[in-house]
Amino acid sequence: MNEPLDLGDRHPLQSFGRPATDRRAARAKAGWIGIWLIFMAAPVKDLADGGRSTAATVLGALGLAAFVGCYLTLVFRYTTRVLTWRWVYATYAALVLLAAALSTWMDSAWLGLWVYVAVSAGAVLPTGQALWVIPAVTGAMTAIGVYAQGVGAADLITGLGVTTFLVGFAMTGVRHLIRTTVQLRQARATVAQLAANEERLRLARDLHDLLGHSLSLITLKSELAGRMLPDHPDRAAQQVADIEQVSRQALVDVREAVTGYRRLTLPGQLAGARTALTAAGVEPAVPLEEAPKALDEECEAALAWALREAVTNVVRHSGASHCAVTLTRRQTLAGPVLELAVEDDGVGPAAGSGHGNGLTGLTERLEAVGGVLEVGSGGGRKGRGFRLAARVPLAGDPAGAAAEAALGSPA
């Protein structure tokens with residue numbers, strides 16, 4: 001049997017399928033489960049109205065308390081982790097027996113207990129079993145209502161019967177959605193971990209390639225200088241000079257390698273933009289594209305910084321619900337360029353606000369590589385929104401320019 005997986009989120013719906021690790025998580029999970037207690041109103045009202053002997057009222061209250069205990073045990077505990085399935089089946093069997101006994105011996109208002117039986121089947125039992133248990137539960141409720149309580153079959157089926165059936169299968173869908181979300185999050189975490197491991201391996205490999213030869217040469221020349229020092233100090237001094245030169249070159253190589261690791265890339269920032277916008281509740285429209293081969297590294301870094309700054313502004317200040325990122329090759333009089341545009345439907349720029357430090361820095365960064373930055377109102381409703389466009393030159397891209405010209409790209 002598959003166990004529900006853990007989910008590291010605070011959303012109440014997602015808390016339904018994960019362990020309550022703290023008070024806040026327990027409250028969120030209890031709140032989600034407590035929604036279904038609305039169907040307890042009819043049995044509780046029936047007990048409170050009286051009309052029965054004291055013994056019958058006490059037995060009804062004890063039976064209802066036992067029923068609620070079994071229900072909460074199932075949905076609060078066993079939706080998180082199933083340690084022994086026999087206890088799940090035993091608890092569910094007790095839930096069914098209590099529902100049958102109470103709905104038969106008490107009033108027709110107690111038929112609503114079968115809704116909890118269906119919810120528990122959808123939330124706890126394996127999907128293959130829940131698919132036939134839920135219809136069976138609905139049939140048992142209908143039979144008891146018709147033959148034991150004298151309720152009309154048509155009214156019962158179209159009312160409480162449909163509710164019991166649909167709620168049970170809805171809970172099955174909710175559990176499947178939770179499980180899929182958990183698996184997706186775990187897959188994303190695994191991909192991120194694999195990417196980090198690959199980056200560590202690449203860094204180790206690059207450092208080995210850069211420093212292995214240099215350090216070996218430094219060690220060899222140090223040994224030679226040590227042996228030559230007593231009898232041939234001039235030759236030892238030459239070895240020391242070589243050691244200094246090799247060390248300086250190794251330092252330059254390491255600095256270049258570190259600079260390459262720190263350089264922002266356009267694919268990395270596109271992926272980060274999708275994640276940041278989704279986490280902020282903004283619907284992203286971000287392309288899955290690699291940087292063009294004709295794009296210089298410095299130009300790519302400038303576009304990556306522009307994308308990072310634009311997405312940060314959207315997340316923090318715009319209040320937008322949708323953000324679109326586009327990459328377009330254009331042919332201009334000055335030559336082919338690559339345009340990055342970020343447009344949202346948020347509040348837009350304030351009148352007379354001017355450029356902040358972030359946009360000023362981006363303008364300077366783009367001008368340093370021969371690019372330009374344009375900002376203005378977006379295409380949102382009532383003229384709202386903000387649009388940022390950054391353009392950088394493409395170094396020698398005749399194929400791309402010809403294709404753009406053939407498509408009638410704006411010049």
# chains A, B, ... in the order shown; residues from 1 in each chain; ligands from 1
call {"tool": "select_by_dssp", "arguments": {"residues": "range 219-344 of chain A", "states": "helix (DSSP H, G or I)", "output": "ChimeraX atom specification"}}
result
/A:219-228,233-262,266-279,297-318
call {"tool": "closest_residue", "arguments": {"among": "A:Leu373, A:Leu359, A:Ala271, A:Leu166", "to": "Ala341 in chain A", "atoms": "only C-alpha atoms"}}
result
A:Leu373
call {"tool": "residues_around", "arguments": {"residues": "Gly159 in chain A", "least_positions_apart": "2", "cutoff": "12 Å", "atoms": "only C-alpha atoms", "output": "ChimeraX atom specification"}}
result
/A:111-112,115,138,141-142,145,151-157,161-166
call {"tool": "residues_around", "arguments": {"residues": "Glu343 in chain A", "least_positions_apart": "2", "cutoff": "6 Å", "atoms": "only C-alpha atoms", "output": "MDAnalysis selection string"}}
result
chainID A and resid 323:324 378 386:387
